[in-house]
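Just below is one structure, and these are the notes that go with it.
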Amino acid sequence: MLSRPLLLLSRLLFLSSLLFGISARAQIFADFETTGGNFTIEMFHQDQPMAVANFIGLADGSITWLDFTSLESRKGEPYYNGIKFHRVIKDFMIQGGSPNGQGTDGPGYQFVDRFARDADGALLHPHDQQGLISMANSAINTNGSQFFIT
């Protein structure tokens, strides 16, 4: 089931690109500050508007998420602040986005998978190189807050 605020945020991301003349080639970046060093990733909003809108909304606190510790809804509070990479596999990937640090929780909602493909059906962003980000999930259409970076 799609979160109404998430659907709205992804539509706003798309509409703002049209209204403000941002081309499909415009870039959106996310800066990560970690105890192991800082890095920046590029987000492919033109191909993955729902996932990018979700990530931005959680990162800046503009969408509502469920705090499973207190069972209260949170808005205006950045979700990812202080969250650790709970899964690190050398030379493969790092995974984060789980507040309990075990990879078993999320923001209290889920949204569908979307795999951007070219005209021939090939994936536009295959995970064939270092430094790619993607949603992590536990089954089909269970995206929430967890992500991994190759």
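Note on naming: chains are A, B, ... as they come in the structure tokens, residues start from 1 per chain, ligands start from 1 in the order shown.
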* What lies within 12 Å of region 38-44 of chain A using only C-alpha atoms, ignoring chain neighbours under 3 positions off, as JSON, numbers by chain? -> {"A": [13, 24, 25, 26, 27, 28, 29, 30, 31, 32, 33, 34, 35, 47, 48, 49, 50, 51, 52, 53, 54, 55, 56, 115, 116, 124, 125, 130, 131, 132, 133, 134, 135, 148, 149, 150]}
* Asked: Can you list, as a PyMOL selection string, every residue of chain A that DSSP puts in strand (DSSP E)?
  -> chain A and resi 28-34+37-43+65-67+72-74+87-89+93-96+133-135+147-149
Any chance you can output those residues with N, CA and C atoms as a short mmCIF file (atom, residue, chain, number, x, y, z; two decimals), in the first residue's frame?
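Saved result, out.cif, follows:
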```cif
data_model
loop_
_atom_site.label_atom_id
_atom_site.label_comp_id
_atom_site.auth_asym_id
_atom_site.auth_seq_id
_atom_site.Cartn_x
_atom_site.Cartn_y
_atom_site.Cartn_z
N ILE A 28 20.27 15.05 -8.13
CA ILE A 28 19.97 15.16 -6.71
C ILE A 28 21.00 14.31 -5.99
N PHE A 29 21.61 14.88 -4.97
CA PHE A 29 22.64 14.18 -4.22
C PHE A 29 22.24 14.08 -2.76
N ALA A 30 22.74 13.06 -2.09
CA ALA A 30 22.57 12.90 -0.65
C ALA A 30 23.96 12.78 -0.03
N ASP A 31 24.20 13.59 0.99
CA ASP A 31 25.47 13.56 1.70
C ASP A 31 25.33 12.69 2.95
N PHE A 32 26.25 11.79 3.13
CA PHE A 32 26.28 10.92 4.30
C PHE A 32 27.46 11.32 5.18
N GLU A 33 27.19 11.53 6.45
CA GLU A 33 28.25 11.78 7.43
C GLU A 33 28.26 10.60 8.38
N THR A 34 29.36 9.84 8.36
CA THR A 34 29.45 8.64 9.19
C THR A 34 30.74 8.66 10.01
N GLY A 37 33.71 7.90 7.83
CA GLY A 37 34.02 8.83 6.75
C GLY A 37 32.75 9.34 6.09
N ASN A 38 32.90 10.40 5.35
CA ASN A 38 31.76 11.02 4.67
C ASN A 38 31.78 10.67 3.19
N PHE A 39 30.61 10.61 2.59
CA PHE A 39 30.52 10.36 1.15
C PHE A 39 29.21 10.94 0.62
N THR A 40 29.14 11.08 -0.68
CA THR A 40 27.97 11.63 -1.36
C THR A 40 27.51 10.64 -2.42
N ILE A 41 26.20 10.50 -2.54
CA ILE A 41 25.65 9.63 -3.57
C ILE A 41 24.72 10.43 -4.47
N GLU A 42 24.59 10.00 -5.71
CA GLU A 42 23.64 10.59 -6.64
C GLU A 42 22.38 9.75 -6.63
N MET A 43 21.23 10.42 -6.68
CA MET A 43 19.96 9.72 -6.68
C MET A 43 19.30 9.92 -8.04
N TRP A 65 6.59 9.18 9.89
CA TRP A 65 7.05 7.81 10.09
C TRP A 65 6.70 7.38 11.51
N LEU A 66 6.66 6.08 11.70
CA LEU A 66 6.28 5.52 13.00
C LEU A 66 7.52 5.16 13.81
N ASP A 67 7.60 5.69 15.01
CA ASP A 67 8.66 5.35 15.95
C ASP A 67 8.20 4.11 16.70
N GLU A 72 4.70 6.19 18.46
CA GLU A 72 4.16 7.49 18.08
C GLU A 72 4.57 7.84 16.67
N SER A 73 3.69 8.56 15.98
CA SER A 73 4.02 9.07 14.66
C SER A 73 4.95 10.25 14.81
N ARG A 74 5.92 10.35 13.91
CA ARG A 74 6.88 11.44 13.94
C ARG A 74 6.85 12.18 12.61
N ARG A 87 24.39 -3.72 8.45
CA ARG A 87 24.91 -4.87 7.69
C ARG A 87 26.03 -4.36 6.79
N VAL A 88 27.22 -4.89 7.02
CA VAL A 88 28.39 -4.50 6.25
C VAL A 88 29.06 -5.77 5.75
N ILE A 89 29.13 -5.90 4.44
CA ILE A 89 29.78 -7.06 3.83
C ILE A 89 30.91 -6.53 2.95
N MET A 93 28.61 -4.72 -0.05
CA MET A 93 27.64 -3.66 0.22
C MET A 93 27.58 -3.30 1.69
N ILE A 94 26.94 -2.13 1.95
CA ILE A 94 26.58 -1.72 3.31
C ILE A 94 25.07 -1.46 3.30
N GLN A 95 24.41 -1.78 4.41
CA GLN A 95 22.96 -1.60 4.49
C GLN A 95 22.61 -0.80 5.74
N GLY A 96 21.68 0.12 5.58
CA GLY A 96 21.23 0.95 6.70
C GLY A 96 19.75 1.24 6.60
N ILE A 133 23.14 3.02 -4.91
CA ILE A 133 22.19 2.88 -3.80
C ILE A 133 20.89 2.30 -4.32
N SER A 134 20.24 1.51 -3.49
CA SER A 134 18.96 0.90 -3.83
C SER A 134 18.17 0.67 -2.55
N MET A 135 16.87 0.52 -2.70
CA MET A 135 16.05 0.16 -1.56
C MET A 135 16.34 -1.30 -1.20
N PHE A 147 18.00 0.73 2.95
CA PHE A 147 18.66 0.87 1.67
C PHE A 147 20.03 0.20 1.76
N PHE A 148 20.60 -0.07 0.61
CA PHE A 148 21.96 -0.59 0.60
C PHE A 148 22.75 0.13 -0.47
N ILE A 149 24.05 0.18 -0.27
CA ILE A 149 24.96 0.82 -1.19
C ILE A 149 26.03 -0.20 -1.56
#
```
* **Residues near Thr104 (chain A), cut-off 10 Å, only C-alpha atoms, skip fewer than 4 positions along chain, as an NGL selection string** => :A and (97-100 or 137-138 or 146)
Resulting file, chosen residues, all heavy atoms, as a JSON list (two decimals), in the first residue's frame:
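Saved file part-v3.json follows:
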```json
[["chain", "number", "residue", "atom", "x", "y", "z"],
["A", 97, "GLY", "N", 19.27, 2.05, 7.54],
["A", 97, "GLY", "CA", 17.87, 2.46, 7.52],
["A", 97, "GLY", "C", 16.99, 1.74, 8.52],
["A", 97, "GLY", "O", 15.77, 1.89, 8.50],
["A", 98, "SER", "N", 17.60, 0.98, 9.44],
["A", 98, "SER", "CA", 16.84, 0.25, 10.45],
["A", 98, "SER", "C", 17.14, 0.85, 11.82],
["A", 98, "SER", "O", 18.24, 0.68, 12.35],
["A", 98, "SER", "CB", 17.27, -1.23, 10.44],
["A", 98, "SER", "OG", 16.72, -1.92, 11.55],
["A", 99, "PRO", "N", 16.17, 1.57, 12.43],
["A", 99, "PRO", "CA", 16.43, 2.19, 13.73],
["A", 99, "PRO", "C", 16.85, 1.23, 14.83],
["A", 99, "PRO", "O", 17.65, 1.58, 15.68],
["A", 99, "PRO", "CB", 15.09, 2.85, 14.08],
["A", 99, "PRO", "CG", 14.46, 3.12, 12.77],
["A", 99, "PRO", "CD", 14.86, 1.94, 11.91],
["A", 100, "ASN", "N", 16.34, 0.00, 14.81],
["A", 100, "ASN", "CA", 16.73, -0.93, 15.88],
["A", 100, "ASN", "C", 18.09, -1.56, 15.62],
["A", 100, "ASN", "O", 18.59, -2.32, 16.44],
["A", 100, "ASN", "CB", 15.65, -1.99, 16.13],
["A", 100, "ASN", "CG", 15.54, -3.05, 15.04],
["A", 100, "ASN", "OD1", 16.38, -3.18, 14.16],
["A", 100, "ASN", "ND2", 14.45, -3.82, 15.11],
["A", 137, "ASN", "N", 14.74, -4.59, 0.84],
["A", 137, "ASN", "CA", 13.44, -5.02, 1.31],
["A", 137, "ASN", "C", 13.48, -6.49, 1.70],
["A", 137, "ASN", "O", 14.45, -7.19, 1.44],
["A", 137, "ASN", "CB", 12.35, -4.73, 0.28],
["A", 137, "ASN", "CG", 12.65, -5.29, -1.09],
["A", 137, "ASN", "OD1", 13.09, -6.43, -1.21],
["A", 137, "ASN", "ND2", 12.43, -4.50, -2.12],
["A", 138, "SER", "N", 12.42, -6.95, 2.33],
["A", 138, "SER", "CA", 12.36, -8.32, 2.81],
["A", 138, "SER", "C", 11.58, -9.24, 1.87],
["A", 138, "SER", "O", 11.66, -10.45, 2.01],
["A", 138, "SER", "CB", 11.73, -8.36, 4.20],
["A", 138, "SER", "OG", 10.43, -7.78, 4.15],
["A", 146, "GLN", "N", 14.84, 1.08, 4.57],
["A", 146, "GLN", "CA", 16.17, 0.45, 4.47],
["A", 146, "GLN", "C", 16.69, 0.54, 3.04],
["A", 146, "GLN", "O", 15.95, 0.46, 2.07],
["A", 146, "GLN", "CB", 16.10, -1.00, 4.92],
["A", 146, "GLN", "CG", 15.83, -1.10, 6.41],
["A", 146, "GLN", "CD", 15.99, -2.50, 6.92],
["A", 146, "GLN", "OE1", 16.95, -3.18, 6.58],
["A", 146, "GLN", "NE2", 15.05, -2.93, 7.75]]
```
* **Proximity to Ala139 (chain A) - best of A:His127, A:Phe111, A:Phe92, A:Asp118, only C-alpha atoms** =>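 Once distances to Ala139 (chain A) are computed over only C-alpha atoms, the minimum belongs to A:Phe111.
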* To do: For CA of Val112 (chain A) and CA of Thr69 (chain A), quote the distance in Å rounded to one decimal.
  => 25.3 Å
* Using DSSP on the backbone coordinates, identify the residues of chain A assigned to helix (DSSP H, G or I); present them as JSON, numbers by chain. => {"A": [4, 5, 6, 7, 8, 9, 10, 11, 12, 13, 14, 15, 16, 17, 18, 19, 49, 50, 51, 52, 53, 54, 55, 56, 57, 58, 59, 60]}
* Quick one: pull the distance between CA of Ser145 (chain A) and CA of Gly82 (chain A), Å, one decimal. =>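 That distance, rounded to one decimal, is 13.8 Å.
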* Please identify all polymer residues within 6 Å of Ile63 (chain A), counting only C-alpha atoms, omitting same-chain residues fewer than 2 positions from it, and present them as a VMD selection string. => chain A and resid 57 61 75
Pull C-alpha atoms from the residues just selected and write them as a tab-separated table (two decimals), in the first residue's frame.
```tsv
chain	number	residue	atom	x	y	z
A	57	GLY	CA	11.24	12.80	3.02
A	61	GLY	CA	11.66	14.74	8.27
A	75	LYS	CA	6.97	14.31	11.48
```
* CA of Thr64 (chain A) to CA of Tyr109 (chain A), straight-line distance in Å -> 9.7 Å
